[in-house]
$ cat work_14.pdb   # PDB, C-alpha atoms
ATOM      1  CA  MET A   1     -21.461 -39.548 -33.016
ATOM      2  CA  LEU A   2     -19.240 -42.412 -31.891
ATOM      3  CA  ARG A   3     -16.213 -40.788 -33.565
ATOM      4  CA  LYS A   4     -17.001 -37.466 -31.886
ATOM      5  CA  SER A   5     -17.341 -39.148 -28.493
ATOM      6  CA  PHE A   6     -14.060 -41.036 -29.026
ATOM      7  CA  LEU A   7     -12.196 -37.828 -29.897
ATOM      8  CA  SER A   8     -13.644 -36.061 -26.859
ATOM      9  CA  THR A   9     -12.457 -38.884 -24.650
ATOM     10  CA  LEU A  10      -8.954 -38.700 -26.129
ATOM     11  CA  ALA A  11      -8.860 -34.949 -25.567
ATOM     12  CA  ALA A  12      -9.925 -35.367 -21.952
ATOM     13  CA  LEU A  13      -7.256 -38.003 -21.358
ATOM     14  CA  ALA A  14      -4.591 -35.784 -22.902
ATOM     15  CA  LEU A  15      -5.611 -32.886 -20.692
ATOM     16  CA  ALA A  16      -5.544 -35.048 -17.595
ATOM     17  CA  ALA A  17      -2.071 -36.265 -18.488
ATOM     18  CA  THR A  18      -0.688 -32.725 -18.632
ATOM     19  CA  ALA A  19      -2.621 -31.234 -15.695
ATOM     20  CA  PRO A  20      -1.013 -31.015 -12.230
ATOM     21  CA  LEU A  21      -1.815 -34.069 -10.173
ATOM     22  CA  ALA A  22      -4.070 -33.584  -7.176
ATOM     23  CA  LEU A  23      -2.260 -34.073  -3.895
ATOM     24  CA  ALA A  24      -4.532 -36.889  -2.788
ATOM     25  CA  ASN A  25      -3.528 -39.002  -5.818
ATOM     26  CA  ASN A  26       0.194 -38.380  -5.674
ATOM     27  CA  ASP A  27       2.590 -40.650  -3.767
ATOM     28  CA  LYS A  28       5.623 -38.430  -4.404
ATOM     29  CA  PRO A  29       6.938 -36.572  -1.314
ATOM     30  CA  LEU A  30       5.914 -32.931  -1.152
ATOM     31  CA  GLU A  31       8.979 -30.661  -1.271
ATOM     32  CA  TRP A  32       8.915 -27.629   1.050
ATOM     33  CA  VAL A  33      11.582 -25.106   0.049
ATOM     34  CA  VAL A  34      12.989 -22.811   2.752
ATOM     35  CA  GLY A  35      15.272 -19.920   1.802
ATOM     36  CA  TYR A  36      17.321 -20.097   5.004
ATOM     37  CA  ALA A  37      19.750 -22.532   6.603
ATOM     38  CA  ALA A  38      18.638 -25.540   8.630
ATOM     39  CA  GLY A  39      18.228 -24.864  12.336
ATOM     40  CA  GLY A  40      17.170 -21.229  12.006
ATOM     41  CA  GLY A  41      13.772 -19.806  12.921
ATOM     42  CA  SER A  42      12.307 -20.140   9.417
ATOM     43  CA  ASP A  43      13.454 -23.751   9.182
ATOM     44  CA  VAL A  44      11.987 -24.656  12.579
ATOM     45  CA  VAL A  45       8.658 -23.017  11.691
ATOM     46  CA  ALA A  46       8.458 -24.982   8.428
ATOM     47  CA  ARG A  47       9.289 -28.296  10.089
ATOM     48  CA  THR A  48       6.750 -27.680  12.858
ATOM     49  CA  ILE A  49       3.925 -26.965  10.441
ATOM     50  CA  ALA A  50       5.016 -29.560   7.867
ATOM     51  CA  GLU A  51       4.509 -32.453  10.253
ATOM     52  CA  ALA A  52       0.879 -31.498  10.870
ATOM     53  CA  MET A  53       0.214 -30.725   7.210
ATOM     54  CA  GLY A  54       1.640 -34.064   6.155
ATOM     55  CA  SER A  55      -0.832 -35.870   8.392
ATOM     56  CA  SER A  56      -3.758 -33.960   6.860
ATOM     57  CA  LEU A  57      -2.593 -34.536   3.294
ATOM     58  CA  GLY A  58      -1.488 -38.125   3.733
ATOM     59  CA  ARG A  59       1.880 -37.276   2.218
ATOM     60  CA  ASN A  60       5.471 -37.069   3.345
ATOM     61  CA  LEU A  61       6.857 -33.520   3.392
ATOM     62  CA  ILE A  62      10.574 -33.002   2.859
ATOM     63  CA  ILE A  63      12.238 -29.694   3.807
ATOM     64  CA  ASN A  64      14.730 -28.461   1.210
ATOM     65  CA  ASN A  65      16.918 -25.644   2.565
ATOM     66  CA  LYS A  66      18.259 -23.290  -0.103
ATOM     67  CA  PRO A  67      19.806 -20.359   1.779
ATOM     68  CA  GLY A  68      21.489 -17.326   0.279
ATOM     69  CA  ALA A  69      20.963 -13.951  -1.395
ATOM     70  CA  GLY A  70      18.110 -12.923   0.866
ATOM     71  CA  THR A  71      15.913 -15.876  -0.250
ATOM     72  CA  ASN A  72      16.516 -15.106  -3.953
ATOM     73  CA  ILE A  73      18.203 -18.460  -4.620
ATOM     74  CA  ALA A  74      15.231 -20.369  -3.247
ATOM     75  CA  ALA A  75      12.731 -18.051  -4.935
ATOM     76  CA  GLU A  76      14.321 -18.540  -8.364
ATOM     77  CA  TYR A  77      14.352 -22.327  -7.881
ATOM     78  CA  VAL A  78      10.625 -22.345  -7.103
ATOM     79  CA  ALA A  79       9.660 -19.798  -9.763
ATOM     80  CA  ARG A  80      11.331 -21.913 -12.472
ATOM     81  CA  SER A  81       9.900 -25.218 -11.273
ATOM     82  CA  LYS A  82       7.208 -26.965 -13.265
ATOM     83  CA  ASP A  83       6.747 -29.713 -10.678
ATOM     84  CA  PHE A  84       3.239 -28.495  -9.949
ATOM     85  CA  GLY A  85       1.506 -30.119  -7.007
ATOM     86  CA  ASN A  86       4.789 -31.319  -5.515
ATOM     87  CA  LEU A  87       6.464 -28.058  -4.454
ATOM     88  CA  ILE A  88       5.689 -25.408  -1.817
ATOM     89  CA  PHE A  89       7.798 -22.483  -0.599
ATOM     90  CA  SER A  90       8.138 -20.331   2.518
ATOM     91  CA  ALA A  91       8.019 -16.928   0.839
ATOM     92  CA  ASP A  92       8.620 -14.192   3.374
ATOM     93  CA  PHE A  93       8.964 -10.458   3.964
ATOM     94  CA  ALA A  94      12.132 -10.418   1.859
ATOM     95  CA  THR A  95      10.837 -12.510  -1.040
ATOM     96  CA  LEU A  96       7.490 -10.824  -1.533
ATOM     97  CA  ALA A  97       7.804  -7.316  -0.079
ATOM     98  CA  ALA A  98      11.386  -6.038   0.145
ATOM     99  CA  ASN A  99      13.530  -7.716  -2.515
ATOM    100  CA  PRO A 100      11.641  -6.264  -5.515
ATOM    101  CA  PHE A 101      12.897  -2.851  -4.336
ATOM    102  CA  LEU A 102      16.246  -3.833  -2.812
ATOM    103  CA  PHE A 103      17.547  -5.456  -6.001
ATOM    104  CA  SER A 104      17.707  -3.748  -9.389
ATOM    105  CA  LYS A 105      17.061  -7.029 -11.161
ATOM    106  CA  LEU A 106      15.547 -10.250  -9.851
ATOM    107  CA  SER A 107      15.347 -13.647 -11.525
ATOM    108  CA  TYR A 108      11.744 -13.961 -10.353
ATOM    109  CA  ASN A 109       8.652 -11.766 -10.221
ATOM    110  CA  ALA A 110       7.237 -11.529  -6.708
ATOM    111  CA  GLU A 111       3.727 -10.783  -7.967
ATOM    112  CA  LYS A 112       3.469 -13.141 -10.941
ATOM    113  CA  ASP A 113       5.596 -16.223 -10.248
ATOM    114  CA  PHE A 114       3.919 -17.427  -7.054
ATOM    115  CA  GLN A 115       0.373 -18.281  -6.013
ATOM    116  CA  PRO A 116      -0.466 -17.760  -2.332
ATOM    117  CA  VAL A 117      -1.650 -20.663  -0.202
ATOM    118  CA  GLY A 118      -1.855 -18.797   3.101
ATOM    119  CA  LEU A 119       0.179 -16.884   5.647
ATOM    120  CA  LEU A 120       2.271 -18.890   8.098
ATOM    121  CA  VAL A 121       3.554 -16.766  10.986
ATOM    122  CA  ARG A 122       4.833 -13.361  11.920
ATOM    123  CA  PHE A 123       7.723 -12.385  14.193
ATOM    124  CA  PRO A 124       6.890  -9.161  16.094
ATOM    125  CA  MET A 125       9.773  -6.686  16.320
ATOM    126  CA  PHE A 126      11.061  -5.421  19.661
ATOM    127  CA  LEU A 127      12.955  -2.207  20.355
ATOM    128  CA  VAL A 128      15.670  -3.214  22.823
ATOM    129  CA  VAL A 129      18.524  -1.375  24.489
ATOM    130  CA  SER A 130      21.634  -2.258  26.417
ATOM    131  CA  THR A 131      21.213  -2.562  30.177
ATOM    132  CA  LYS A 132      23.731   0.295  30.343
ATOM    133  CA  VAL A 133      21.248   2.723  28.746
ATOM    134  CA  PRO A 134      19.410   4.590  31.561
ATOM    135  CA  VAL A 135      15.869   4.162  30.187
ATOM    136  CA  SER A 136      13.040   1.679  30.681
ATOM    137  CA  SER A 137      10.268   2.942  28.374
ATOM    138  CA  TYR A 138       9.744   4.411  24.924
ATOM    139  CA  LYS A 139       9.140   7.907  26.304
ATOM    140  CA  GLU A 140      12.302   7.766  28.383
ATOM    141  CA  PHE A 141      14.212   6.575  25.302
ATOM    142  CA  VAL A 142      12.917   9.531  23.275
ATOM    143  CA  ALA A 143      14.032  11.998  25.972
ATOM    144  CA  TRP A 144      17.421  10.300  26.299
ATOM    145  CA  ALA A 145      17.995  10.141  22.525
ATOM    146  CA  GLN A 146      17.084  13.810  22.109
ATOM    147  CA  ALA A 147      19.710  14.693  24.732
ATOM    148  CA  GLN A 148      22.523  12.965  22.793
ATOM    149  CA  PRO A 149      24.385  15.618  20.742
ATOM    150  CA  GLU A 150      25.422  13.128  18.041
ATOM    151  CA  GLY A 151      22.199  11.152  18.090
ATOM    152  CA  VAL A 152      21.970   7.419  18.777
ATOM    153  CA  ASN A 153      23.421   4.431  16.891
ATOM    154  CA  TRP A 154      21.215   1.392  16.436
ATOM    155  CA  ALA A 155      22.039  -2.075  15.130
ATOM    156  CA  SER A 156      20.224  -4.351  12.709
ATOM    157  CA  ALA A 157      20.610  -7.838  11.278
ATOM    158  CA  GLY A 158      21.796  -6.330   7.992
ATOM    159  CA  PRO A 159      20.851  -3.928   5.194
ATOM    160  CA  GLY A 160      17.381  -4.610   3.825
ATOM    161  CA  SER A 161      16.409  -6.984   6.641
ATOM    162  CA  PRO A 162      13.046  -6.437   8.314
ATOM    163  CA  HIS A 163      15.011  -5.374  11.404
ATOM    164  CA  HIS A 164      16.630  -2.616   9.342
ATOM    165  CA  LEU A 165      13.491  -1.455   7.563
ATOM    166  CA  VAL A 166      11.381  -1.399  10.724
ATOM    167  CA  GLY A 167      14.129   0.709  12.278
ATOM    168  CA  GLU A 168      14.063   3.150   9.374
ATOM    169  CA  LEU A 169      10.290   3.460   9.652
ATOM    170  CA  PHE A 170      10.724   4.066  13.384
ATOM    171  CA  ARG A 171      13.305   6.790  12.722
ATOM    172  CA  GLU A 172      10.901   8.448  10.311
ATOM    173  CA  GLN A 173       7.864   8.301  12.594
ATOM    174  CA  SER A 174       9.665   9.128  15.840
ATOM    175  CA  GLY A 175      11.623  12.025  14.369
ATOM    176  CA  LEU A 176      14.736  11.015  16.319
ATOM    177  CA  LYS A 177      18.323  11.351  15.114
ATOM    178  CA  LEU A 178      19.256   7.687  14.669
ATOM    179  CA  THR A 179      22.187   6.162  12.774
ATOM    180  CA  HIS A 180      21.981   2.646  11.344
ATOM    181  CA  VAL A 181      24.809   0.181  12.099
ATOM    182  CA  PRO A 182      24.318  -2.974   9.972
ATOM    183  CA  TYR A 183      25.592  -6.380  11.074
ATOM    184  CA  ARG A 184      25.798  -9.780   9.420
ATOM    185  CA  GLY A 185      22.838 -11.264  11.231
ATOM    186  CA  ALA A 186      20.843 -10.609  14.380
ATOM    187  CA  ALA A 187      23.061 -12.760  16.631
ATOM    188  CA  PRO A 188      26.260 -10.646  16.368
ATOM    189  CA  ALA A 189      24.205  -7.453  16.525
ATOM    190  CA  ILE A 190      22.536  -8.317  19.803
ATOM    191  CA  GLN A 191      25.847  -9.398  21.289
ATOM    192  CA  ASP A 192      27.204  -5.893  20.718
ATOM    193  CA  VAL A 193      24.062  -4.411  22.264
ATOM    194  CA  ILE A 194      24.596  -6.639  25.302
ATOM    195  CA  GLY A 195      28.206  -5.469  25.457
ATOM    196  CA  GLY A 196      27.222  -1.816  25.158
ATOM    197  CA  GLN A 197      29.090  -1.170  21.885
ATOM    198  CA  VAL A 198      25.761  -0.184  20.299
ATOM    199  CA  PRO A 199      22.999   1.136  22.567
ATOM    200  CA  ALA A 200      19.905  -0.079  20.737
ATOM    201  CA  MET A 201      18.516  -2.350  18.046
ATOM    202  CA  TRP A 202      15.364  -3.761  16.504
ATOM    203  CA  VAL A 203      15.165  -7.524  16.887
ATOM    204  CA  ASP A 204      12.570 -10.188  16.156
ATOM    205  CA  SER A 205      10.661 -12.023  18.866
ATOM    206  CA  ALA A 206      12.271 -15.413  18.257
ATOM    207  CA  THR A 207      15.836 -14.097  18.495
ATOM    208  CA  VAL A 208      15.338 -11.795  21.474
ATOM    209  CA  ALA A 209      13.394 -14.120  23.799
ATOM    210  CA  PRO A 210      16.338 -15.855  25.547
ATOM    211  CA  PHE A 211      18.185 -12.561  26.030
ATOM    212  CA  LEU A 212      15.123 -10.862  27.525
ATOM    213  CA  ASN A 213      14.438 -13.819  29.794
ATOM    214  CA  ALA A 214      18.055 -13.722  31.004
ATOM    215  CA  GLY A 215      17.920  -9.957  31.610
ATOM    216  CA  LYS A 216      20.765  -9.262  29.168
ATOM    217  CA  VAL A 217      18.867  -6.533  27.273
ATOM    218  CA  LYS A 218      15.867  -4.331  28.055
ATOM    219  CA  ALA A 219      12.804  -4.261  25.811
ATOM    220  CA  LEU A 220      11.207  -0.826  25.556
ATOM    221  CA  GLY A 221       8.317  -1.759  23.306
ATOM    222  CA  VAL A 222       6.997  -4.085  20.642
ATOM    223  CA  ALA A 223       5.770  -3.025  17.198
ATOM    224  CA  SER A 224       2.509  -4.989  17.182
ATOM    225  CA  PRO A 225      -1.148  -4.158  17.904
ATOM    226  CA  GLN A 226      -1.204  -6.351  21.022
ATOM    227  CA  ARG A 227       1.401  -7.410  23.523
ATOM    228  CA  VAL A 228       3.233 -10.641  22.723
ATOM    229  CA  ALA A 229       2.007 -13.608  24.755
ATOM    230  CA  THR A 230       5.503 -14.772  25.685
ATOM    231  CA  GLN A 231       6.571 -11.271  26.800
ATOM    232  CA  PRO A 232       3.361  -9.798  28.259
ATOM    233  CA  GLU A 233       5.223  -7.283  30.402
ATOM    234  CA  VAL A 234       6.532  -5.451  27.313
ATOM    235  CA  PRO A 235       4.054  -2.750  26.220
ATOM    236  CA  THR A 236       3.342  -1.994  22.580
ATOM    237  CA  LEU A 237       4.715   1.199  21.099
ATOM    238  CA  ASN A 238       1.193   2.115  20.125
ATOM    239  CA  GLU A 239       0.043   2.172  23.754
ATOM    240  CA  GLN A 240       3.100   4.296  24.614
ATOM    241  CA  GLY A 241       2.166   7.005  22.150
ATOM    242  CA  LEU A 242       3.628   5.957  18.792
ATOM    243  CA  LYS A 243       0.228   5.433  17.235
ATOM    244  CA  GLY A 244      -0.284   2.821  14.532
ATOM    245  CA  PHE A 245       3.347   1.709  14.482
ATOM    246  CA  GLU A 246       3.672  -1.918  13.368
ATOM    247  CA  GLY A 247       6.549  -3.968  12.015
ATOM    248  CA  TYR A 248       7.152  -7.673  11.601
ATOM    249  CA  ALA A 249       9.172 -10.292   9.903
ATOM    250  CA  TRP A 250       6.606 -12.658   8.385
ATOM    251  CA  GLN A 251       6.270 -15.741   6.218
ATOM    252  CA  GLY A 252       3.657 -17.155   3.901
ATOM    253  CA  LEU A 253       3.255 -20.389   1.971
ATOM    254  CA  VAL A 254       3.181 -20.200  -1.837
ATOM    255  CA  VAL A 255       3.321 -22.531  -4.841
ATOM    256  CA  PRO A 256       4.717 -21.852  -8.316
ATOM    257  CA  THR A 257       2.233 -20.191 -10.650
ATOM    258  CA  GLY A 258       0.590 -22.849 -12.787
ATOM    259  CA  THR A 259      -0.357 -25.075  -9.863
ATOM    260  CA  SER A 260      -3.998 -26.101 -10.172
ATOM    261  CA  PRO A 261      -6.708 -24.438  -8.040
ATOM    262  CA  GLU A 262      -7.611 -27.868  -6.638
ATOM    263  CA  VAL A 263      -4.092 -28.345  -5.289
ATOM    264  CA  VAL A 264      -4.027 -24.836  -3.809
ATOM    265  CA  THR A 265      -7.340 -25.533  -2.071
ATOM    266  CA  GLN A 266      -6.078 -28.814  -0.631
ATOM    267  CA  LEU A 267      -2.890 -27.193   0.615
ATOM    268  CA  SER A 268      -4.772 -24.258   2.100
ATOM    269  CA  LYS A 269      -7.126 -26.522   4.046
ATOM    270  CA  ALA A 270      -4.204 -28.569   5.373
ATOM    271  CA  LEU A 271      -2.338 -25.406   6.342
ATOM    272  CA  GLN A 272      -5.294 -23.939   8.254
ATOM    273  CA  SER A 273      -5.773 -27.235  10.062
ATOM    274  CA  ALA A 274      -2.097 -27.286  11.037
ATOM    275  CA  LEU A 275      -2.035 -23.677  12.267
ATOM    276  CA  ASN A 276      -5.074 -24.352  14.442
ATOM    277  CA  ALA A 277      -3.689 -27.580  15.930
ATOM    278  CA  THR A 278      -3.031 -27.288  19.664
ATOM    279  CA  GLY A 279       0.456 -28.781  19.472
ATOM    280  CA  VAL A 280       1.525 -26.521  16.611
ATOM    281  CA  LYS A 281       0.204 -23.404  18.342
ATOM    282  CA  ALA A 282       2.080 -24.315  21.531
ATOM    283  CA  ARG A 283       5.314 -24.906  19.641
ATOM    284  CA  LEU A 284       5.034 -21.638  17.717
ATOM    285  CA  GLN A 285       4.296 -19.710  20.904
ATOM    286  CA  ALA A 286       7.392 -21.227  22.487
ATOM    287  CA  LEU A 287       9.367 -19.950  19.501
ATOM    288  CA  GLY A 288       7.981 -16.456  20.057
ATOM    289  CA  VAL A 289       6.072 -16.298  16.770
ATOM    290  CA  GLU A 290       2.390 -15.743  16.034
ATOM    291  CA  PRO A 291       0.431 -18.022  13.643
ATOM    292  CA  LEU A 292      -1.521 -16.250  10.907
ATOM    293  CA  PRO A 293      -4.298 -18.533   9.644
ATOM    294  CA  GLY A 294      -6.178 -17.241   6.616
ATOM    295  CA  THR A 295      -7.157 -17.779   2.999
ATOM    296  CA  PRO A 296      -5.005 -17.454  -0.140
ATOM    297  CA  ALA A 297      -6.884 -14.252  -0.998
ATOM    298  CA  GLN A 298      -6.126 -12.774   2.415
ATOM    299  CA  MET A 299      -2.440 -13.553   1.963
ATOM    300  CA  ALA A 300      -2.436 -11.897  -1.470
ATOM    301  CA  THR A 301      -3.994  -8.742  -0.008
ATOM    302  CA  PHE A 302      -1.545  -8.721   2.899
ATOM    303  CA  ALA A 303       1.525  -9.200   0.678
ATOM    304  CA  LYS A 304       0.403  -6.408  -1.648
ATOM    305  CA  ALA A 305      -0.020  -4.001   1.274
ATOM    306  CA  GLU A 306       3.387  -4.953   2.678
ATOM    307  CA  ARG A 307       5.031  -4.463  -0.727
ATOM    308  CA  GLU A 308       3.572  -0.982  -0.999
ATOM    309  CA  LYS A 309       4.472  -0.045   2.577
ATOM    310  CA  TRP A 310       8.078  -1.215   2.541
ATOM    311  CA  GLY A 311       8.683  -0.237  -1.066
ATOM    312  CA  ARG A 312       8.042   3.348  -0.025
ATOM    313  CA  VAL A 313      10.440   3.044   2.933
ATOM    314  CA  ILE A 314      13.182   1.451   0.806
ATOM    315  CA  LYS A 315      12.900   4.128  -1.874
ATOM    316  CA  GLN A 316      12.990   6.878   0.727
ATOM    317  CA  VAL A 317      16.067   5.480   2.471
ATOM    318  CA  GLY A 318      17.747   4.624  -0.835
ATOM    319  CA  VAL A 319      18.819   1.094   0.094
ATOM    320  CA  LYS A 320      20.150  -1.170  -2.675
ATOM    321  CA  LEU A 321      21.718  -4.613  -2.241
ATOM    322  CA  ASP A 322      23.288  -5.007  -5.709
TER     323      ASP A 322
END

$ encode --input "work_14.pdb" --output "structure tokens"
Amino acid sequence: MLRKSFLSTLAALALAATAPLALANNDKPLEWVVGYAAGGGSDVVARTIAEAMGSSLGRNLIINNKPGAGTNIAAEYVARSKDFGNLIFSADFATLAANPFLFSKLSYNAEKDFQPVGLLVRFPMFLVVSTKVPVSSYKEFVAWAQAQPEGVNWASAGPGSPHHLVGELFREQSGLKLTHVPYRGAAPAIQDVIGGQVPAMWVDSATVAPFLNAGKVKALGVASPQRVATQPEVPTLNEQGLKGFEGYAWQGLVVPTGTSPEVVTQLSKALQSALNATGVKARLQALGVEPLPGTPAQMATFAKAEREKWGRVIKQVGVKLD
């Protein structure tokens, strides 16, 4: 009996040595990987939430920016990591919903290589036009676009971006003759809309806010169920007749598959606490983004639905990025 008890104890110690360490017992800084450059919207969101999460967890959080290839560089880094309990990742619209269809071959599996912790935020998409376009509502835009013999050009932040795919879904549901003009990012695209070189574009809430506030572009509608708090005067497309039309850029927090359930639970609790903190909510609202508190299971369901929705759009349009 003593020998059996001794062997059981050894086995338990061996298992504990190989299992991921719980966050509360780990003094190592927690690495938060972001697939975009420092200073951008995704980076600012991560840093805002990380500060509050760090306080809840009693750990330092360090942001590690790994931009490039539509988040694929960062996603591969996280998917291959075995540093369980010490690594989290801002997986977004591109990582989890679009890239599996935009690229013929990925170095990670969006469904199998990551475990959801919870959604972070979403960036509602606005349909905006140049101030030179003689319309001020969705219905007026439809009438104006239908009167253009060659149709209407519209800009996006680039092929496969949420701005592009929301625009393609809009073209499909509106039935308008619209031609996509891709740019290398939202900033140069909106500058050409301001200048009148391209009449319209789809742009996220964080990017468009200063241009709307300065009156440099006109917003005709937003692709969300409710009006955006920072732009309450802009009606939704749904209330203007384009029923059920929604489109966002969004982000969620994940860990590499293999992370223990205990760690995921700790991270999820800290994330929900952060997203509900008054200071964090105020900062996110100022950025023009909406927090999305929820459970890991809710994030998994959401990501699956988004993958199905945008996979269909990508296949229909025939977009490929490799």

$ atom_distance --input "work_14.pdb" --atom1 "atom CA of A:Asn86" --atom2 "atom CA of A:Pro293"
21.8 Å

$ residues_around --input "work_14.pdb" --residues "stretch 58-70 of chain A" --least-positions-apart "3" --cutoff "8 Å" --atoms "only C-alpha atoms" --output "PyMOL selection string"
chain A and resi 24+27-38+43+46-47+50-51+54-55+73-74+94-95+99

$ resolve_selection --input "work_14.pdb" --expression "the PyMOL selection byres ((chain A and resi 78) around 10)" --output "list in words"
Trp32, Val33, Asn72, Ile73, Ala74, Ala75, Glu76, Tyr77, Ala79, Arg80, Ser81, Lys82, Asp83, Leu87, Ile88, Phe89, Ala91, Tyr108, Asp113, Phe114, Val254, Val255, Pro256 and Thr257 of chain A

$ resolve_selection --input "work_14.pdb" --expression "the PyMOL selection byres ((chain A and resi 218-230) around 10)" --output "PyMOL selection string"
chain A and resi 123-133+135-141+166+170+194+200-205+208-209+211-213+215-217+231-240+242-248+285-290

$ atom_distance --input "work_14.pdb" --atom1 "atom CA of A:Ala303" --atom2 "atom CA of A:Ser174"
25.1 Å

$ atom_distance --input "work_14.pdb" --atom1 "atom CA of A:Gly252" --atom2 "atom CA of A:Gln173"
27.2 Å

$ residues_around --input "work_14.pdb" --residues "A:Ser56" --least-positions-apart "5" --cutoff "12 Å" --atoms "all atoms listed in the file" --output "list of chain:residue names"
A:Leu23, A:Ala24, A:Ile49, A:Ala50, A:Glu51, A:Leu61, A:Gln266, A:Leu267, A:Ser268, A:Lys269, A:Ala270, A:Leu271, A:Gln272, A:Ser273, A:Ala274, A:Leu275, A:Ala277

$ residues_around --input "work_14.pdb" --residues "A:Pro149" --least-positions-apart "6" --cutoff "12 Å" --atoms "all atoms listed in the file" --output "PyMOL selection string"
chain A and resi 176-178

$ residues_around --input "work_14.pdb" --residues "stretch 312-314 of chain A" --least-positions-apart "5" --cutoff "7 Å" --atoms "all atoms listed in the file" --output "list of chain:residue names"
A:Phe101, A:Leu169, A:Val319

$ resolve_selection --input "work_14.pdb" --expression "the PyMOL selection byres ((chain A and resi 104) around 12)" --output "JSON, numbers by chain"
{"A": [98, 99, 100, 101, 102, 103, 105, 106, 107, 108, 315, 318, 319, 320, 321, 322]}

$ residues_around --input "work_14.pdb" --residues "stretch 189-191 of chain A" --least-positions-apart "3" --cutoff "8 Å" --atoms "only C-alpha atoms" --output "ChimeraX atom specification"
/A:155-157,182-186,194-195,201,203

$ closest_residue --input "work_14.pdb" --among "A:Glu262, A:Leu284, A:Trp250, A:Ala97" --to "A:Glu308" --atoms "only C-alpha atoms"
A:Ala97

$ closest_residue --input "work_14.pdb" --among "A:Gln197, A:Gln115, A:Thr301, A:Asn276" --to "A:Val152" --atoms "all atoms listed in the file"
A:Gln197
